[in-house]
Amino acid sequence: MAVTVEAAAAMVGSVSPFPFYYILWNYPQAWVNLCGKGVDPSHRMAQVSHAFKIVQILSLLSVARISWPPWYCFVLFAAGQYLNFKVYYLLGEAGTYYGVRFGKNIPWVSDFPFGYIKDPQYVGSILSLLACLSFVPYPYVLFWILGYLFMMHMESKEDPTTRAKPLS
């Protein structure tokens with residue numbers, strides 16, 4: 001089976017943000033320094049991440065065969081988005097976008113889904129992607145999910161001594 005340029009571009013697009021997340025997680029001080037004084041590194045990360053999300057969605061749409069999905073896809077998508085929105089609501093932008101890695105003091109949260117589901121935002125994202133399997137070929141969804149699994153593994157091994165010092 002030959003891989004077309006379009007298929008390869010869609011595959012790369014679906015995992016495009018993960019190198020960015022890897023660099024920010026492992027080299028947070030470099031990001032804080034790059035953002036400079038007066039710029040919230042979590043907010044800037046959110047802005048860049050939203051641009052990457054558009055690339056990811058367009059990548060999936062470029063290979064999708066849009067059709068009416070089975071009912072359970074709606075359930076998976078709704079559950080996944082509920083987890084994503086709940087995490088964002090509880091942690092806020094700084095908690096969601098590596099604030100602790102950028103030297104911010106993020107309060108510990110134990111409300112649902114935390115304490116019940118390990119990595120609830122990634123689980124929510126994976127559920128949402130699984131909902132797309134009825135119209136997106138599985139290799140693209142699988143590749144994106146592998147990106148999330150990689151991030152879950154990487155983030156589980158945080159070294160607090162590598163956290164950034166906020167610019168004053």
# chains A, B, ... in the order shown; residues from 1 in each chain; ligands from 1
call {"tool": "closest_atom_pairs", "arguments": {"of": "region 40-113 of chain A", "to": "region 138-149 of chain A", "cutoff": "12 Å", "atoms": "only C-alpha atoms", "output": "JSON lines"}}
result
{"residue": "A:Lys53", "atom": "CA", "partner": "A:Trp144", "partner_atom": "CA", "distance": 11.4}
{"residue": "A:Gln56", "atom": "CA", "partner": "A:Trp144", "partner_atom": "CA", "distance": 8.7}
{"residue": "A:Ile57", "atom": "CA", "partner": "A:Trp144", "partner_atom": "CA", "distance": 10.8}
{"residue": "A:Ser59", "atom": "CA", "partner": "A:Tyr140", "partner_atom": "CA", "distance": 8.8}
{"residue": "A:Leu60", "atom": "CA", "partner": "A:Tyr140", "partner_atom": "CA", "distance": 7.1}
{"residue": "A:Leu61", "atom": "CA", "partner": "A:Tyr140", "partner_atom": "CA", "distance": 10.5}
{"residue": "A:Ser62", "atom": "CA", "partner": "A:Tyr140", "partner_atom": "CA", "distance": 10.7}
{"residue": "A:Val63", "atom": "CA", "partner": "A:Tyr140", "partner_atom": "CA", "distance": 8.5}
{"residue": "A:Ala64", "atom": "CA", "partner": "A:Tyr140", "partner_atom": "CA", "distance": 9.7}
{"residue": "A:Arg65", "atom": "CA", "partner": "A:Tyr138", "partner_atom": "CA", "distance": 11.9}
call {"tool": "write_last_selection", "arguments": {"atoms": "N, CA, C and O atoms", "output": "PDB file, in the first residue's frame"}}
result
ATOM      1  N   LYS A  53      -4.129  22.623  17.548  1.00  0.00           N
ATOM      2  CA  LYS A  53      -5.388  21.867  17.547  1.00  0.00           C
ATOM      3  C   LYS A  53      -6.122  22.063  16.225  1.00  0.00           C
ATOM      4  O   LYS A  53      -6.716  21.122  15.691  1.00  0.00           O
ATOM      5  N   GLN A  56      -4.466  19.799  13.794  1.00  0.00           N
ATOM      6  CA  GLN A  56      -4.862  18.414  14.028  1.00  0.00           C
ATOM      7  C   GLN A  56      -6.259  18.131  13.477  1.00  0.00           C
ATOM      8  O   GLN A  56      -6.474  17.121  12.812  1.00  0.00           O
ATOM      9  N   ILE A  57      -7.190  19.009  13.758  1.00  0.00           N
ATOM     10  CA  ILE A  57      -8.571  18.797  13.303  1.00  0.00           C
ATOM     11  C   ILE A  57      -8.640  18.828  11.779  1.00  0.00           C
ATOM     12  O   ILE A  57      -9.285  17.976  11.157  1.00  0.00           O
ATOM     13  N   SER A  59      -6.273  18.089   9.790  1.00  0.00           N
ATOM     14  CA  SER A  59      -5.613  16.869   9.315  1.00  0.00           C
ATOM     15  C   SER A  59      -6.581  15.697   9.307  1.00  0.00           C
ATOM     16  O   SER A  59      -6.632  14.931   8.339  1.00  0.00           O
ATOM     17  N   LEU A  60      -7.347  15.547  10.379  1.00  0.00           N
ATOM     18  CA  LEU A  60      -8.328  14.456  10.419  1.00  0.00           C
ATOM     19  C   LEU A  60      -9.428  14.663   9.386  1.00  0.00           C
ATOM     20  O   LEU A  60      -9.850  13.715   8.725  1.00  0.00           O
ATOM     21  N   LEU A  61      -9.892  15.890   9.259  1.00  0.00           N
ATOM     22  CA  LEU A  61     -10.959  16.158   8.289  1.00  0.00           C
ATOM     23  C   LEU A  61     -10.498  15.882   6.858  1.00  0.00           C
ATOM     24  O   LEU A  61     -11.305  15.490   6.010  1.00  0.00           O
ATOM     25  N   SER A  62      -9.200  16.048   6.608  1.00  0.00           N
ATOM     26  CA  SER A  62      -8.698  15.829   5.243  1.00  0.00           C
ATOM     27  C   SER A  62      -8.759  14.356   4.823  1.00  0.00           C
ATOM     28  O   SER A  62      -8.737  14.061   3.635  1.00  0.00           O
ATOM     29  N   VAL A  63      -8.837  13.458   5.792  1.00  0.00           N
ATOM     30  CA  VAL A  63      -8.902  12.024   5.468  1.00  0.00           C
ATOM     31  C   VAL A  63     -10.241  11.406   5.884  1.00  0.00           C
ATOM     32  O   VAL A  63     -10.457  10.203   5.713  1.00  0.00           O
ATOM     33  N   ALA A  64     -11.121  12.214   6.412  1.00  0.00           N
ATOM     34  CA  ALA A  64     -12.400  11.703   6.924  1.00  0.00           C
ATOM     35  C   ALA A  64     -13.378  11.402   5.797  1.00  0.00           C
ATOM     36  O   ALA A  64     -13.347  12.032   4.735  1.00  0.00           O
ATOM     37  N   ARG A  65     -14.228  10.439   6.050  1.00  0.00           N
ATOM     38  CA  ARG A  65     -15.376  10.136   5.192  1.00  0.00           C
ATOM     39  C   ARG A  65     -16.606  10.420   6.052  1.00  0.00           C
ATOM     40  O   ARG A  65     -17.067   9.554   6.797  1.00  0.00           O
TER      41      ARG A  65
END
call {"tool": "residues_around", "arguments": {"residues": "Thr161 (chain A)", "least_positions_apart": "4", "cutoff": "12 Å", "atoms": "only C-alpha atoms", "output": "MDAnalysis selection string"}}
result
chainID A and resid 26:29 100:103 157 165
call {"tool": "residues_around", "arguments": {"residues": "Tyr98 (chain A)", "least_positions_apart": "2", "cutoff": "10 Å", "atoms": "only C-alpha atoms", "output": "MDAnalysis selection string"}}
result
chainID A and resid 21 24:25 28 41:43 45:46 93:96 100:104 106 163
call {"tool": "write_last_selection", "arguments": {"atoms": "N, CA and C atoms", "output": "PDB file, in the first residue's frame"}}
result
ATOM      1  N   TYR A  21       4.947  20.067  22.983  1.00  0.00           N
ATOM      2  CA  TYR A  21       4.678  19.734  24.383  1.00  0.00           C
ATOM      3  C   TYR A  21       5.899  19.093  25.033  1.00  0.00           C
ATOM      4  N   LEU A  24       8.453  21.851  25.829  1.00  0.00           N
ATOM      5  CA  LEU A  24       8.030  22.688  26.945  1.00  0.00           C
ATOM      6  C   LEU A  24       8.083  21.935  28.267  1.00  0.00           C
ATOM      7  N   TRP A  25       7.717  20.655  28.252  1.00  0.00           N
ATOM      8  CA  TRP A  25       7.742  19.871  29.487  1.00  0.00           C
ATOM      9  C   TRP A  25       9.175  19.680  29.982  1.00  0.00           C
ATOM     10  N   PRO A  28      11.253  23.812  30.458  1.00  0.00           N
ATOM     11  CA  PRO A  28      10.304  24.897  30.751  1.00  0.00           C
ATOM     12  C   PRO A  28      10.970  26.265  30.908  1.00  0.00           C
ATOM     13  N   PRO A  41       3.568  32.474  30.405  1.00  0.00           N
ATOM     14  CA  PRO A  41       3.955  31.343  29.560  1.00  0.00           C
ATOM     15  C   PRO A  41       2.839  30.315  29.368  1.00  0.00           C
ATOM     16  N   SER A  42       1.966  30.171  30.357  1.00  0.00           N
ATOM     17  CA  SER A  42       0.842  29.236  30.202  1.00  0.00           C
ATOM     18  C   SER A  42      -0.150  29.759  29.167  1.00  0.00           C
ATOM     19  N   HIS A  43      -0.407  31.066  29.213  1.00  0.00           N
ATOM     20  CA  HIS A  43      -1.340  31.654  28.239  1.00  0.00           C
ATOM     21  C   HIS A  43      -0.767  31.562  26.819  1.00  0.00           C
ATOM     22  N   MET A  45       1.391  29.338  25.790  1.00  0.00           N
ATOM     23  CA  MET A  45       1.322  27.927  25.410  1.00  0.00           C
ATOM     24  C   MET A  45      -0.088  27.577  24.939  1.00  0.00           C
ATOM     25  N   ALA A  46      -1.099  28.094  25.640  1.00  0.00           N
ATOM     26  CA  ALA A  46      -2.488  27.841  25.236  1.00  0.00           C
ATOM     27  C   ALA A  46      -2.741  28.369  23.833  1.00  0.00           C
ATOM     28  N   GLU A  93      -6.495  27.838  33.106  1.00  0.00           N
ATOM     29  CA  GLU A  93      -5.523  27.835  32.016  1.00  0.00           C
ATOM     30  C   GLU A  93      -4.128  27.464  32.509  1.00  0.00           C
ATOM     31  N   ALA A  94      -3.703  28.058  33.622  1.00  0.00           N
ATOM     32  CA  ALA A  94      -2.345  27.798  34.116  1.00  0.00           C
ATOM     33  C   ALA A  94      -2.169  26.341  34.536  1.00  0.00           C
ATOM     34  N   GLY A  95      -3.176  25.752  35.136  1.00  0.00           N
ATOM     35  CA  GLY A  95      -3.077  24.360  35.546  1.00  0.00           C
ATOM     36  C   GLY A  95      -3.114  23.399  34.382  1.00  0.00           C
ATOM     37  N   THR A  96      -3.845  23.763  33.359  1.00  0.00           N
ATOM     38  CA  THR A  96      -3.960  22.915  32.176  1.00  0.00           C
ATOM     39  C   THR A  96      -2.720  23.027  31.293  1.00  0.00           C
ATOM     40  N   VAL A 100       2.582  24.651  36.500  1.00  0.00           N
ATOM     41  CA  VAL A 100       3.512  24.194  37.537  1.00  0.00           C
ATOM     42  C   VAL A 100       4.927  24.044  36.975  1.00  0.00           C
ATOM     43  N   ARG A 101       5.050  23.642  35.727  1.00  0.00           N
ATOM     44  CA  ARG A 101       6.367  23.520  35.091  1.00  0.00           C
ATOM     45  C   ARG A 101       6.987  24.895  34.849  1.00  0.00           C
ATOM     46  N   PHE A 102       6.140  25.916  34.720  1.00  0.00           N
ATOM     47  CA  PHE A 102       6.626  27.275  34.483  1.00  0.00           C
ATOM     48  C   PHE A 102       6.808  28.059  35.773  1.00  0.00           C
ATOM     49  N   GLY A 103       6.789  27.344  36.920  1.00  0.00           N
ATOM     50  CA  GLY A 103       7.071  27.975  38.208  1.00  0.00           C
ATOM     51  C   GLY A 103       5.871  28.565  38.919  1.00  0.00           C
ATOM     52  N   LYS A 104       4.680  28.265  38.448  1.00  0.00           N
ATOM     53  CA  LYS A 104       3.476  28.780  39.102  1.00  0.00           C
ATOM     54  C   LYS A 104       3.035  27.838  40.213  1.00  0.00           C
ATOM     55  N   ILE A 106       0.192  26.004  41.569  1.00  0.00           N
ATOM     56  CA  ILE A 106      -1.127  25.529  41.164  1.00  0.00           C
ATOM     57  C   ILE A 106      -1.690  24.692  42.311  1.00  0.00           C
ATOM     58  N   ARG A 163      11.784  22.410  37.117  1.00  0.00           N
ATOM     59  CA  ARG A 163      10.770  23.443  36.936  1.00  0.00           C
ATOM     60  C   ARG A 163      11.435  24.799  36.704  1.00  0.00           C
TER      61      ARG A 163
END
call {"tool": "closest_residue", "arguments": {"among": "A:Gly80, A:Gly92, A:Pro160, A:Gly36", "to": "Ser128 (chain A)", "atoms": "only C-alpha atoms"}}
result
A:Gly80
call {"tool": "closest_residue", "arguments": {"among": "A:Asn33, A:Asn84, A:Ser134, A:Ser49", "to": "Pro113 (chain A)", "atoms": "only C-alpha atoms"}}
result
A:Asn84
call {"tool": "closest_residue", "arguments": {"among": "A:Tyr82, A:Trp31, A:Phe74, A:Phe20", "to": "Val123 (chain A)", "atoms": "only C-alpha atoms"}}
result
A:Tyr82
call {"tool": "select_by_dssp", "arguments": {"residues": "chain A", "states": "helix (DSSP H, G or I)", "output": "NGL selection string"}}
result
:A and (5-14 or 17-26 or 28-35 or 41-63 or 71-96 or 120-134 or 138-155 or 160-162)
call {"tool": "residues_around", "arguments": {"residues": "Asp119 (chain A)", "least_positions_apart": "6", "cutoff": "10 Å", "atoms": "only C-alpha atoms", "output": "list in words"}}
result
Leu83, Val87, Pro113, Leu149, Met152, Glu155 and Ser156 of chain A
call {"tool": "write_last_selection", "arguments": {"atoms": "N, CA and C atoms", "output": "PDB file, in the first residue's frame"}}
result
ATOM      1  N   LEU A  83     -15.003  15.462  30.308  1.00  0.00           N
ATOM      2  CA  LEU A  83     -13.763  15.369  31.083  1.00  0.00           C
ATOM      3  C   LEU A  83     -12.829  16.534  30.753  1.00  0.00           C
ATOM      4  N   VAL A  87     -11.782  19.314  33.576  1.00  0.00           N
ATOM      5  CA  VAL A  87     -10.381  19.530  33.944  1.00  0.00           C
ATOM      6  C   VAL A  87     -10.024  21.003  33.783  1.00  0.00           C
ATOM      7  N   PRO A 113     -12.906  14.905  38.076  1.00  0.00           N
ATOM      8  CA  PRO A 113     -12.474  13.533  37.831  1.00  0.00           C
ATOM      9  C   PRO A 113     -11.126  13.161  38.462  1.00  0.00           C
ATOM     10  N   LEU A 149      -0.673   8.975  24.730  1.00  0.00           N
ATOM     11  CA  LEU A 149      -0.084   7.970  25.623  1.00  0.00           C
ATOM     12  C   LEU A 149       1.373   8.300  25.929  1.00  0.00           C
ATOM     13  N   MET A 152       1.299  11.121  28.456  1.00  0.00           N
ATOM     14  CA  MET A 152       0.924  10.628  29.782  1.00  0.00           C
ATOM     15  C   MET A 152       2.134   9.986  30.460  1.00  0.00           C
ATOM     16  N   GLU A 155       4.794  12.816  31.306  1.00  0.00           N
ATOM     17  CA  GLU A 155       4.381  13.693  32.392  1.00  0.00           C
ATOM     18  C   GLU A 155       4.306  12.965  33.732  1.00  0.00           C
ATOM     19  N   SER A 156       4.218  11.643  33.712  1.00  0.00           N
ATOM     20  CA  SER A 156       4.173  10.888  34.974  1.00  0.00           C
ATOM     21  C   SER A 156       5.543  10.837  35.636  1.00  0.00           C
TER      22      SER A 156
END
call {"tool": "residues_around", "arguments": {"residues": "Cys73 (chain A)", "least_positions_apart": "3", "cutoff": "10 Å", "atoms": "only C-alpha atoms", "output": "ChimeraX atom specification"}}
result
/A:68-70,76-79,127-134
call {"tool": "closest_residue", "arguments": {"among": "A:Ile126, A:Met154, A:Phe85, A:Asp111", "to": "Ile23 (chain A)", "atoms": "only C-alpha atoms"}}
result
A:Met154
call {"tool": "closest_residue", "arguments": {"among": "A:Tyr89, A:Asp159, A:Pro166, A:Tyr97", "to": "Gln47 (chain A)", "atoms": "only C-alpha atoms"}}
result
A:Tyr97
call {"tool": "atom_distance", "arguments": {"atom1": "CA of Ala164 (chain A)", "atom2": "CA of Lys37 (chain A)"}}
result
13.5 Å
call {"tool": "closest_residue", "arguments": {"among": "A:Gly13, A:Tyr22, A:Phe114, A:Gly124", "to": "Glu158 (chain A)", "atoms": "only C-alpha atoms"}}
result
A:Tyr22
call {"tool": "residues_around", "arguments": {"residues": "Val109 (chain A)", "least_positions_apart": "5", "cutoff": "9 Å", "atoms": "only C-alpha atoms", "output": "list in words"}}
result
Leu90, Leu91, Phe114 and Gly115 of chain A
